[in-house]
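Below is one structure, written out as structure tokens, with a few remarks after it.
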Amino acid sequence: MSPVEIACDESGSEGENLLGGETDVFAHAGVRLSPEAAAACVREIRARIGSPAEEYKANHLLRAKHRAVLEWLLDPGGPLAGRGHVHLTGKTFFAVRAAVELLAGPDTGELARTLHRAGPAAFGAARWEYFLTAFTSVLRRNPRRGVTTSPERFFALVDELAATPGEAGEILGLFRGGGDRVAAYRARLASDPGLVPVLDPLVPAVIHTVRHWSADGTPVALVHDEQLALTAERVLQLKATLGHRLAGVRFVDSRADARVQIADFLAGVARRIASDELNGRGDARLTGLLKSFVDTEWDGLSS
């Protein structure tokens, strides 16, 4: 069976910087369009916006004066209907799930969702953020300047918070036995530059994108915007994980491929719409239009 080409781009990528960065949502978009259809879509967007800019980005579509163009792009009768998909990741939830899976063992997501929901109230918002920041500091290959926590200090904090009554404290109690797993992960991270960090949402999102577009058995060939995090070693790991579903990965400059430009538009507007919804300033109309492009369960955005 011949593979189908899916053009991809992302928005909100900050590597392992899940907390305290510029964005709180990561979006990875894939579109299934012919080069001709994508070029026609870009031309139509340019004509509708009327900006002299040489390269359009998602922020052009997000300006209030171009609201009609954005709604046209996302409309069920628009150019991307059935041809676009976005995987959204709430970065805070991604950190919580990484903690649960590394420190308490494989999880279906229920423990992570429970802890994500109950943690701020159980421990206090500031203490909860401090705990997550400490966890990500312990696991990052290159901790942020001024934000460094030793494993010993982190597990002392785990012991302290695990004494809190309620389900959040009980879940943290499961983390007490995770010291050896943290040590093993840190050793692997130091010795294997090709290891996919558990705190980087990019590779999991790419896997999800491929699985979505190959659900009917058709293999997928990705045409992806240039992305330094997708090293040759990680592409090999993607192929090993996805098997026949992934026929290959080719990197291009988004300015040279209209399909990737459309994926860039979709990822950028999806991230902004989802972030607004996450922070209580959502736009019901745009959120409703976006839902046809994303999963039933937005990853960490619907709990």
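Here's how to read the names in the structure tokens: chain A, B, ... by the order shown, residue numbers from 1 in each chain, ligand numbers from 1 in the order shown.
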I'd like the contact shell of Leu88 (chain A) - 12 Å cut-off, only C-alpha atoms, skipping same-chain residues fewer than 5 positions apart - returned as an mmCIF file with all heavy atoms, in the first residue's frame.
```cif
data_model
loop_
_atom_site.group_PDB
_atom_site.id
_atom_site.type_symbol
_atom_site.label_atom_id
_atom_site.label_comp_id
_atom_site.auth_asym_id
_atom_site.auth_seq_id
_atom_site.Cartn_x
_atom_site.Cartn_y
_atom_site.Cartn_z
ATOM 1 N N GLU A 10 4.594 22.237 14.413
ATOM 2 C CA GLU A 10 4.200 22.313 15.820
ATOM 3 C C GLU A 10 4.169 23.766 16.278
ATOM 4 O O GLU A 10 4.665 24.659 15.595
ATOM 5 C CB GLU A 10 5.151 21.486 16.685
ATOM 6 C CG GLU A 10 6.641 21.703 16.440
ATOM 7 C CD GLU A 10 7.182 23.036 16.898
ATOM 8 O OE1 GLU A 10 6.619 23.602 17.868
ATOM 9 O OE2 GLU A 10 8.141 23.526 16.296
ATOM 10 N N SER A 11 3.604 23.949 17.457
ATOM 11 C CA SER A 11 3.573 25.275 18.081
ATOM 12 C C SER A 11 3.684 25.094 19.585
ATOM 13 O O SER A 11 3.060 24.211 20.156
ATOM 14 C CB SER A 11 2.273 26.010 17.734
ATOM 15 O OG SER A 11 2.242 27.291 18.341
ATOM 16 N N GLY A 12 4.507 25.916 20.198
ATOM 17 C CA GLY A 12 4.676 25.840 21.647
ATOM 18 C C GLY A 12 5.794 24.927 22.078
ATOM 19 O O GLY A 12 5.864 24.552 23.260
ATOM 20 N N SER A 13 6.683 24.578 21.166
ATOM 21 C CA SER A 13 7.775 23.671 21.520
ATOM 22 C C SER A 13 8.841 24.419 22.317
ATOM 23 O O SER A 13 9.427 25.388 21.830
ATOM 24 C CB SER A 13 8.395 23.069 20.257
ATOM 25 O OG SER A 13 9.451 22.201 20.585
ATOM 26 N N ASP A 24 1.887 27.296 27.675
ATOM 27 C CA ASP A 24 1.404 26.233 28.563
ATOM 28 C C ASP A 24 0.727 25.099 27.807
ATOM 29 O O ASP A 24 0.251 24.135 28.408
ATOM 30 C CB ASP A 24 0.449 26.796 29.624
ATOM 31 C CG ASP A 24 -0.702 27.605 29.033
ATOM 32 O OD1 ASP A 24 -0.861 27.616 27.795
ATOM 33 O OD2 ASP A 24 -1.438 28.240 29.815
ATOM 34 N N VAL A 25 0.695 25.208 26.479
ATOM 35 C CA VAL A 25 0.116 24.164 25.633
ATOM 36 C C VAL A 25 1.071 23.896 24.471
ATOM 37 O O VAL A 25 1.669 24.833 23.923
ATOM 38 C CB VAL A 25 -1.257 24.592 25.076
ATOM 39 C CG1 VAL A 25 -1.778 23.561 24.070
ATOM 40 C CG2 VAL A 25 -2.268 24.774 26.207
ATOM 41 N N PHE A 26 1.206 22.629 24.129
ATOM 42 C CA PHE A 26 1.982 22.228 22.964
ATOM 43 C C PHE A 26 1.011 21.651 21.937
ATOM 44 O O PHE A 26 0.129 20.857 22.277
ATOM 45 C CB PHE A 26 3.022 21.178 23.338
ATOM 46 C CG PHE A 26 3.762 20.598 22.159
ATOM 47 C CD1 PHE A 26 4.755 21.317 21.533
ATOM 48 C CD2 PHE A 26 3.443 19.347 21.666
ATOM 49 C CE1 PHE A 26 5.439 20.801 20.441
ATOM 50 C CE2 PHE A 26 4.113 18.816 20.578
ATOM 51 C CZ PHE A 26 5.110 19.547 19.961
ATOM 52 N N ALA A 27 1.161 22.058 20.683
ATOM 53 C CA ALA A 27 0.273 21.578 19.619
ATOM 54 C C ALA A 27 1.099 21.019 18.473
ATOM 55 O O ALA A 27 2.077 21.637 18.043
ATOM 56 C CB ALA A 27 -0.613 22.716 19.109
ATOM 57 N N HIS A 28 0.683 19.859 17.978
ATOM 58 C CA HIS A 28 1.324 19.257 16.813
ATOM 59 C C HIS A 28 0.240 18.977 15.783
ATOM 60 O O HIS A 28 -0.720 18.263 16.060
ATOM 61 C CB HIS A 28 2.039 17.962 17.182
ATOM 62 C CG HIS A 28 2.876 17.407 16.075
ATOM 63 N ND1 HIS A 28 2.404 16.464 15.185
ATOM 64 C CD2 HIS A 28 4.157 17.682 15.687
ATOM 65 C CE1 HIS A 28 3.358 16.165 14.313
ATOM 66 N NE2 HIS A 28 4.431 16.889 14.591
ATOM 67 N N ALA A 29 0.379 19.572 14.607
ATOM 68 C CA ALA A 29 -0.659 19.464 13.583
ATOM 69 C C ALA A 29 -0.162 18.688 12.378
ATOM 70 O O ALA A 29 1.011 18.758 12.009
ATOM 71 C CB ALA A 29 -1.112 20.856 13.140
ATOM 72 N N GLY A 30 -1.088 17.953 11.774
ATOM 73 C CA GLY A 30 -0.805 17.267 10.525
ATOM 74 C C GLY A 30 -1.928 17.526 9.542
ATOM 75 O O GLY A 30 -3.105 17.522 9.926
ATOM 76 N N PHE A 93 -0.013 19.006 32.761
ATOM 77 C CA PHE A 93 -0.468 17.622 32.853
ATOM 78 C C PHE A 93 0.595 16.660 32.337
ATOM 79 O O PHE A 93 0.776 15.566 32.874
ATOM 80 C CB PHE A 93 -1.757 17.427 32.067
ATOM 81 C CG PHE A 93 -2.229 15.998 32.054
ATOM 82 C CD1 PHE A 93 -2.772 15.430 33.193
ATOM 83 C CD2 PHE A 93 -2.101 15.223 30.908
ATOM 84 C CE1 PHE A 93 -3.193 14.112 33.192
ATOM 85 C CE2 PHE A 93 -2.518 13.905 30.898
ATOM 86 C CZ PHE A 93 -3.066 13.340 32.041
ATOM 87 N N PHE A 94 1.311 17.044 31.295
ATOM 88 C CA PHE A 94 2.362 16.189 30.757
ATOM 89 C C PHE A 94 3.420 15.923 31.820
ATOM 90 O O PHE A 94 3.925 14.797 31.956
ATOM 91 C CB PHE A 94 2.991 16.850 29.532
ATOM 92 C CG PHE A 94 3.860 15.934 28.722
ATOM 93 C CD1 PHE A 94 3.308 15.079 27.787
ATOM 94 C CD2 PHE A 94 5.235 15.934 28.895
ATOM 95 C CE1 PHE A 94 4.109 14.226 27.031
ATOM 96 C CE2 PHE A 94 6.049 15.095 28.149
ATOM 97 C CZ PHE A 94 5.481 14.229 27.211
ATOM 98 N N PRO A 201 7.389 16.760 24.928
ATOM 99 C CA PRO A 201 6.153 16.239 24.340
ATOM 100 C C PRO A 201 6.194 16.049 22.831
ATOM 101 O O PRO A 201 5.239 15.538 22.246
ATOM 102 C CB PRO A 201 5.118 17.310 24.710
ATOM 103 C CG PRO A 201 5.906 18.577 24.796
ATOM 104 C CD PRO A 201 7.250 18.179 25.342
ATOM 105 N N LEU A 202 7.292 16.421 22.162
ATOM 106 C CA LEU A 202 7.301 16.387 20.703
ATOM 107 C C LEU A 202 7.189 14.968 20.145
ATOM 108 O O LEU A 202 6.322 14.689 19.307
ATOM 109 C CB LEU A 202 8.567 17.056 20.162
ATOM 110 C CG LEU A 202 8.764 16.987 18.643
ATOM 111 C CD1 LEU A 202 7.606 17.654 17.909
ATOM 112 C CD2 LEU A 202 10.097 17.611 18.237
ATOM 113 N N PRO A 204 6.183 12.052 21.530
ATOM 114 C CA PRO A 204 4.863 11.447 21.745
ATOM 115 C C PRO A 204 3.786 12.029 20.840
ATOM 116 O O PRO A 204 2.892 11.306 20.376
ATOM 117 C CB PRO A 204 4.566 11.747 23.225
ATOM 118 C CG PRO A 204 5.907 11.879 23.849
ATOM 119 C CD PRO A 204 6.773 12.527 22.801
ATOM 120 N N ALA A 205 3.867 13.333 20.565
ATOM 121 C CA ALA A 205 2.873 13.955 19.690
ATOM 122 C C ALA A 205 3.020 13.466 18.254
ATOM 123 O O ALA A 205 2.021 13.235 17.562
ATOM 124 C CB ALA A 205 3.002 15.477 19.745
ATOM 125 N N VAL A 206 4.259 13.311 17.797
ATOM 126 C CA VAL A 206 4.479 12.787 16.443
ATOM 127 C C VAL A 206 3.925 11.367 16.341
ATOM 128 O O VAL A 206 3.270 11.006 15.352
ATOM 129 C CB VAL A 206 5.977 12.816 16.086
ATOM 130 C CG1 VAL A 206 6.223 12.086 14.759
ATOM 131 C CG2 VAL A 206 6.481 14.249 15.987
ATOM 132 N N HIS A 208 1.496 10.108 18.037
ATOM 133 C CA HIS A 208 0.041 10.213 18.009
ATOM 134 C C HIS A 208 -0.451 10.632 16.626
ATOM 135 O O HIS A 208 -1.442 10.107 16.121
ATOM 136 C CB HIS A 208 -0.422 11.219 19.058
ATOM 137 C CG HIS A 208 -1.896 11.224 19.257
ATOM 138 N ND1 HIS A 208 -2.525 10.557 20.288
ATOM 139 C CD2 HIS A 208 -2.899 11.791 18.536
ATOM 140 C CE1 HIS A 208 -3.819 10.725 20.192
ATOM 141 N NE2 HIS A 208 -4.073 11.478 19.147
ATOM 142 N N THR A 209 0.251 11.580 16.014
ATOM 143 C CA THR A 209 -0.135 12.050 14.681
ATOM 144 C C THR A 209 -0.084 10.910 13.664
ATOM 145 O O THR A 209 -1.011 10.738 12.859
ATOM 146 C CB THR A 209 0.791 13.199 14.238
ATOM 147 O OG1 THR A 209 0.596 14.329 15.108
ATOM 148 C CG2 THR A 209 0.504 13.626 12.808
ATOM 149 N N LEU A 266 -2.466 25.808 11.432
ATOM 150 C CA LEU A 266 -3.379 25.015 12.256
ATOM 151 C C LEU A 266 -2.811 24.791 13.651
ATOM 152 O O LEU A 266 -3.529 24.929 14.650
ATOM 153 C CB LEU A 266 -3.665 23.682 11.565
ATOM 154 C CG LEU A 266 -4.669 22.757 12.257
ATOM 155 C CD1 LEU A 266 -6.004 23.458 12.475
ATOM 156 C CD2 LEU A 266 -4.860 21.481 11.430
ATOM 157 N N ALA A 267 -1.520 24.461 13.749
ATOM 158 C CA ALA A 267 -0.908 24.242 15.059
ATOM 159 C C ALA A 267 -0.926 25.524 15.887
ATOM 160 O O ALA A 267 -1.249 25.510 17.086
ATOM 161 C CB ALA A 267 0.528 23.741 14.895
ATOM 162 N N GLY A 268 -0.587 26.639 15.265
ATOM 163 C CA GLY A 268 -0.512 27.900 16.002
ATOM 164 C C GLY A 268 -1.852 28.378 16.521
ATOM 165 O O GLY A 268 -1.973 28.791 17.682
ATOM 166 N N VAL A 269 -2.873 28.323 15.677
ATOM 167 C CA VAL A 269 -4.189 28.797 16.143
ATOM 168 C C VAL A 269 -4.769 27.820 17.152
ATOM 169 O O VAL A 269 -5.433 28.236 18.116
ATOM 170 C CB VAL A 269 -5.162 29.034 14.964
ATOM 171 C CG1 VAL A 269 -4.604 30.084 14.006
ATOM 172 C CG2 VAL A 269 -5.491 27.757 14.218
ATOM 173 N N ALA A 270 -4.514 26.517 16.966
ATOM 174 C CA ALA A 270 -5.025 25.527 17.918
ATOM 175 C C ALA A 270 -4.399 25.732 19.289
ATOM 176 O O ALA A 270 -5.088 25.658 20.317
ATOM 177 C CB ALA A 270 -4.744 24.117 17.414
ATOM 178 N N ARG A 271 -3.092 25.983 19.326
ATOM 179 C CA ARG A 271 -2.435 26.197 20.619
ATOM 180 C C ARG A 271 -3.017 27.409 21.336
ATOM 181 O O ARG A 271 -3.301 27.359 22.532
ATOM 182 C CB ARG A 271 -0.921 26.381 20.418
ATOM 183 C CG ARG A 271 -0.186 26.571 21.748
ATOM 184 C CD ARG A 271 1.247 27.023 21.539
ATOM 185 N NE ARG A 271 1.337 28.312 20.863
ATOM 186 C CZ ARG A 271 1.122 29.477 21.452
ATOM 187 N NH1 ARG A 271 0.751 29.542 22.722
ATOM 188 N NH2 ARG A 271 1.240 30.603 20.766
ATOM 189 N N ARG A 272 -3.225 28.503 20.603
ATOM 190 C CA ARG A 272 -3.753 29.714 21.241
ATOM 191 C C ARG A 272 -5.191 29.499 21.723
ATOM 192 O O ARG A 272 -5.536 29.909 22.844
ATOM 193 C CB ARG A 272 -3.709 30.875 20.258
ATOM 194 C CG ARG A 272 -4.343 32.168 20.810
ATOM 195 C CD ARG A 272 -3.487 32.848 21.826
ATOM 196 N NE ARG A 272 -2.306 33.369 21.167
ATOM 197 C CZ ARG A 272 -2.275 34.525 20.489
ATOM 198 N NH1 ARG A 272 -3.356 35.269 20.379
ATOM 199 N NH2 ARG A 272 -1.151 34.922 19.927
ATOM 200 N N ILE A 273 -6.012 28.881 20.904
ATOM 201 C CA ILE A 273 -7.407 28.639 21.303
ATOM 202 C C ILE A 273 -7.458 27.741 22.527
ATOM 203 O O ILE A 273 -8.219 27.987 23.470
ATOM 204 C CB ILE A 273 -8.200 28.017 20.132
ATOM 205 C CG1 ILE A 273 -8.334 29.026 18.989
ATOM 206 C CG2 ILE A 273 -9.582 27.557 20.590
ATOM 207 C CD1 ILE A 273 -8.850 28.415 17.695
ATOM 208 N N ALA A 274 -6.638 26.678 22.529
ATOM 209 C CA ALA A 274 -6.622 25.747 23.653
ATOM 210 C C ALA A 274 -6.087 26.410 24.918
ATOM 211 O O ALA A 274 -6.601 26.185 26.019
ATOM 212 C CB ALA A 274 -5.786 24.519 23.310
ATOM 213 N N SER A 275 -5.057 27.233 24.783
ATOM 214 C CA SER A 275 -4.500 27.926 25.940
ATOM 215 C C SER A 275 -5.521 28.884 26.545
ATOM 216 O O SER A 275 -5.667 28.975 27.772
ATOM 217 C CB SER A 275 -3.239 28.686 25.541
ATOM 218 O OG SER A 275 -2.666 29.350 26.647
ATOM 219 N N LEU A 278 -7.991 26.805 28.435
ATOM 220 C CA LEU A 278 -7.381 26.286 29.653
ATOM 221 C C LEU A 278 -7.340 27.336 30.750
ATOM 222 O O LEU A 278 -7.480 27.019 31.935
ATOM 223 C CB LEU A 278 -5.961 25.807 29.338
ATOM 224 C CG LEU A 278 -5.126 25.213 30.470
ATOM 225 C CD1 LEU A 278 -5.753 23.918 30.967
ATOM 226 C CD2 LEU A 278 -3.703 24.966 30.003
ATOM 227 N N LEU A 290 -12.668 24.266 16.705
ATOM 228 C CA LEU A 290 -11.430 23.495 16.839
ATOM 229 C C LEU A 290 -11.691 22.036 17.182
ATOM 230 O O LEU A 290 -10.909 21.158 16.813
ATOM 231 C CB LEU A 290 -10.541 24.136 17.913
ATOM 232 C CG LEU A 290 -9.184 23.473 18.147
ATOM 233 C CD1 LEU A 290 -8.322 23.534 16.886
ATOM 234 C CD2 LEU A 290 -8.465 24.134 19.326
ATOM 235 N N LYS A 291 -12.782 21.762 17.868
ATOM 236 C CA LYS A 291 -13.023 20.400 18.355
ATOM 237 C C LYS A 291 -13.055 19.358 17.248
ATOM 238 O O LYS A 291 -12.721 18.197 17.488
ATOM 239 C CB LYS A 291 -14.332 20.361 19.153
ATOM 240 C CG LYS A 291 -14.192 20.938 20.546
ATOM 241 C CD LYS A 291 -15.476 20.807 21.348
ATOM 242 C CE LYS A 291 -15.286 21.319 22.761
ATOM 243 N NZ LYS A 291 -16.540 21.234 23.565
ATOM 244 N N PHE A 293 -11.039 19.067 14.967
ATOM 245 C CA PHE A 293 -9.671 18.760 14.553
ATOM 246 C C PHE A 293 -8.868 18.026 15.626
ATOM 247 O O PHE A 293 -7.760 17.560 15.344
ATOM 248 C CB PHE A 293 -8.922 20.059 14.207
ATOM 249 C CG PHE A 293 -9.452 20.756 12.994
ATOM 250 C CD1 PHE A 293 -10.397 21.766 13.116
ATOM 251 C CD2 PHE A 293 -9.026 20.403 11.723
ATOM 252 C CE1 PHE A 293 -10.897 22.417 12.005
ATOM 253 C CE2 PHE A 293 -9.513 21.055 10.596
ATOM 254 C CZ PHE A 293 -10.460 22.059 10.742
ATOM 255 N N VAL A 294 -9.380 17.972 16.842
ATOM 256 C CA VAL A 294 -8.598 17.416 17.940
ATOM 257 C C VAL A 294 -9.249 16.163 18.498
ATOM 258 O O VAL A 294 -10.379 15.812 18.157
ATOM 259 C CB VAL A 294 -8.394 18.453 19.066
ATOM 260 C CG1 VAL A 294 -7.696 19.697 18.544
ATOM 261 C CG2 VAL A 294 -9.709 18.832 19.718
ATOM 262 N N ASP A 295 -8.506 15.507 19.405
ATOM 263 C CA ASP A 295 -8.998 14.284 20.016
ATOM 264 C C ASP A 295 -10.185 14.562 20.932
ATOM 265 O O ASP A 295 -10.358 15.676 21.433
ATOM 266 C CB ASP A 295 -7.885 13.634 20.833
ATOM 267 C CG ASP A 295 -6.601 13.523 20.035
ATOM 268 O OD1 ASP A 295 -6.593 12.781 19.049
ATOM 269 O OD2 ASP A 295 -5.638 14.207 20.396
ATOM 270 N N THR A 296 -10.952 13.529 21.189
ATOM 271 C CA THR A 296 -12.066 13.668 22.129
ATOM 272 C C THR A 296 -11.568 14.139 23.481
ATOM 273 O O THR A 296 -12.141 15.009 24.115
ATOM 274 C CB THR A 296 -12.827 12.326 22.281
ATOM 275 O OG1 THR A 296 -13.269 11.899 21.006
ATOM 276 C CG2 THR A 296 -14.023 12.487 23.209
ATOM 277 N N GLU A 297 -10.461 13.521 23.932
ATOM 278 C CA GLU A 297 -9.830 13.941 25.191
ATOM 279 C C GLU A 297 -8.626 14.796 24.866
ATOM 280 O O GLU A 297 -7.621 14.299 24.365
ATOM 281 C CB GLU A 297 -9.398 12.710 26.004
ATOM 282 C CG GLU A 297 -10.550 11.961 26.640
ATOM 283 C CD GLU A 297 -11.212 12.737 27.748
ATOM 284 O OE1 GLU A 297 -10.526 13.560 28.416
ATOM 285 O OE2 GLU A 297 -12.425 12.547 27.951
ATOM 286 N N TRP A 298 -8.718 16.089 25.109
ATOM 287 C CA TRP A 298 -7.551 16.943 24.943
ATOM 288 C C TRP A 298 -6.576 16.583 26.054
ATOM 289 O O TRP A 298 -6.959 16.508 27.213
ATOM 290 C CB TRP A 298 -7.935 18.416 25.037
ATOM 291 C CG TRP A 298 -8.848 18.895 23.953
ATOM 292 C CD1 TRP A 298 -9.564 18.127 23.086
ATOM 293 C CD2 TRP A 298 -9.133 20.246 23.640
ATOM 294 N NE1 TRP A 298 -10.276 18.920 22.231
ATOM 295 C CE2 TRP A 298 -10.045 20.227 22.557
ATOM 296 C CE3 TRP A 298 -8.710 21.466 24.145
ATOM 297 C CZ2 TRP A 298 -10.535 21.396 21.988
ATOM 298 C CZ3 TRP A 298 -9.217 22.629 23.590
ATOM 299 C CH2 TRP A 298 -10.099 22.595 22.515
ATOM 300 N N ASP A 299 -5.338 16.337 25.735
ATOM 301 C CA ASP A 299 -4.360 15.783 26.655
ATOM 302 C C ASP A 299 -4.021 16.782 27.766
ATOM 303 O O ASP A 299 -3.125 17.599 27.648
ATOM 304 C CB ASP A 299 -3.097 15.409 25.884
ATOM 305 C CG ASP A 299 -2.250 14.384 26.606
ATOM 306 O OD1 ASP A 299 -2.577 14.082 27.756
ATOM 307 O OD2 ASP A 299 -1.298 13.885 26.000
ATOM 308 N N GLY A 300 -4.751 16.642 28.895
ATOM 309 C CA GLY A 300 -4.486 17.534 30.019
ATOM 310 C C GLY A 300 -5.227 18.839 29.962
ATOM 311 O O GLY A 300 -5.026 19.725 30.779
ATOM 312 N N LEU A 301 -6.138 18.980 28.981
ATOM 313 C CA LEU A 301 -6.877 20.224 28.830
ATOM 314 C C LEU A 301 -8.353 20.056 29.148
ATOM 315 O O LEU A 301 -9.098 21.032 29.174
ATOM 316 C CB LEU A 301 -6.736 20.744 27.391
ATOM 317 C CG LEU A 301 -5.295 21.001 26.949
ATOM 318 C CD1 LEU A 301 -5.240 21.330 25.481
ATOM 319 C CD2 LEU A 301 -4.674 22.120 27.763
ATOM 320 N N SER A 302 -8.785 18.820 29.392
ATOM 321 C CA SER A 302 -10.217 18.597 29.628
ATOM 322 C C SER A 302 -10.472 17.964 30.988
ATOM 323 O O SER A 302 -11.562 17.542 31.283
ATOM 324 C CB SER A 302 -10.786 17.669 28.564
ATOM 325 O OG SER A 302 -10.089 16.433 28.536
#
```
Please identify all polymer residues within 10 Å of Leu172 (chain A), counting only C-alpha atoms, omitting same-chain residues fewer than 2 positions from it, and present them as number ranges by chain.
-> A: 99-100, 103-104, 115, 119, 157-164, 167-170, 174-176
Run DSSP on the backbone of this structure and report the residues of region 159-244 of chain A it assigns to strand (DSSP E or B), as a PyMOL selection string.
-> chain A and resi 220-225
Saved selection, atoms kept: C-alpha atoms, as a PDB file, in the first residue's frame:
```pdb
ATOM      1  CA  VAL A 220       2.296   7.548   6.650  1.00  0.00           C
ATOM      2  CA  ALA A 221       5.224   9.498   5.235  1.00  0.00           C
ATOM      3  CA  LEU A 222       5.774  12.667   7.248  1.00  0.00           C
ATOM      4  CA  VAL A 223       6.835  15.925   5.637  1.00  0.00           C
ATOM      5  CA  HIS A 224       7.878  17.879   8.715  1.00  0.00           C
ATOM      6  CA  ASP A 225       9.074  21.399   9.285  1.00  0.00           C
TER       7      ASP A 225
END
```
Within 12 Å of region 63-71 of chain A using only C-alpha atoms, minus same-chain residues under 4 positions, as a PyMOL selection string = chain A and resi 41-42+44-51+57-59+75-81+265-266+268-270+272-273+283+285-290
Determine which residues of region 113-225 of chain A receive a DSSP assignment of alpha helix (DSSP H), computed from the backbone, and state them as a PyMOL selection string.
-> chain A and resi 113-123+125-139+151-162+167-173+179-191+202-213
Point out the residue among A:Ala229, A:Val210, A:Thr23, A:Asp180 with the least atom-to-atom distance to Pro193 (chain A), counting only C-alpha atoms.
-> A:Ala229
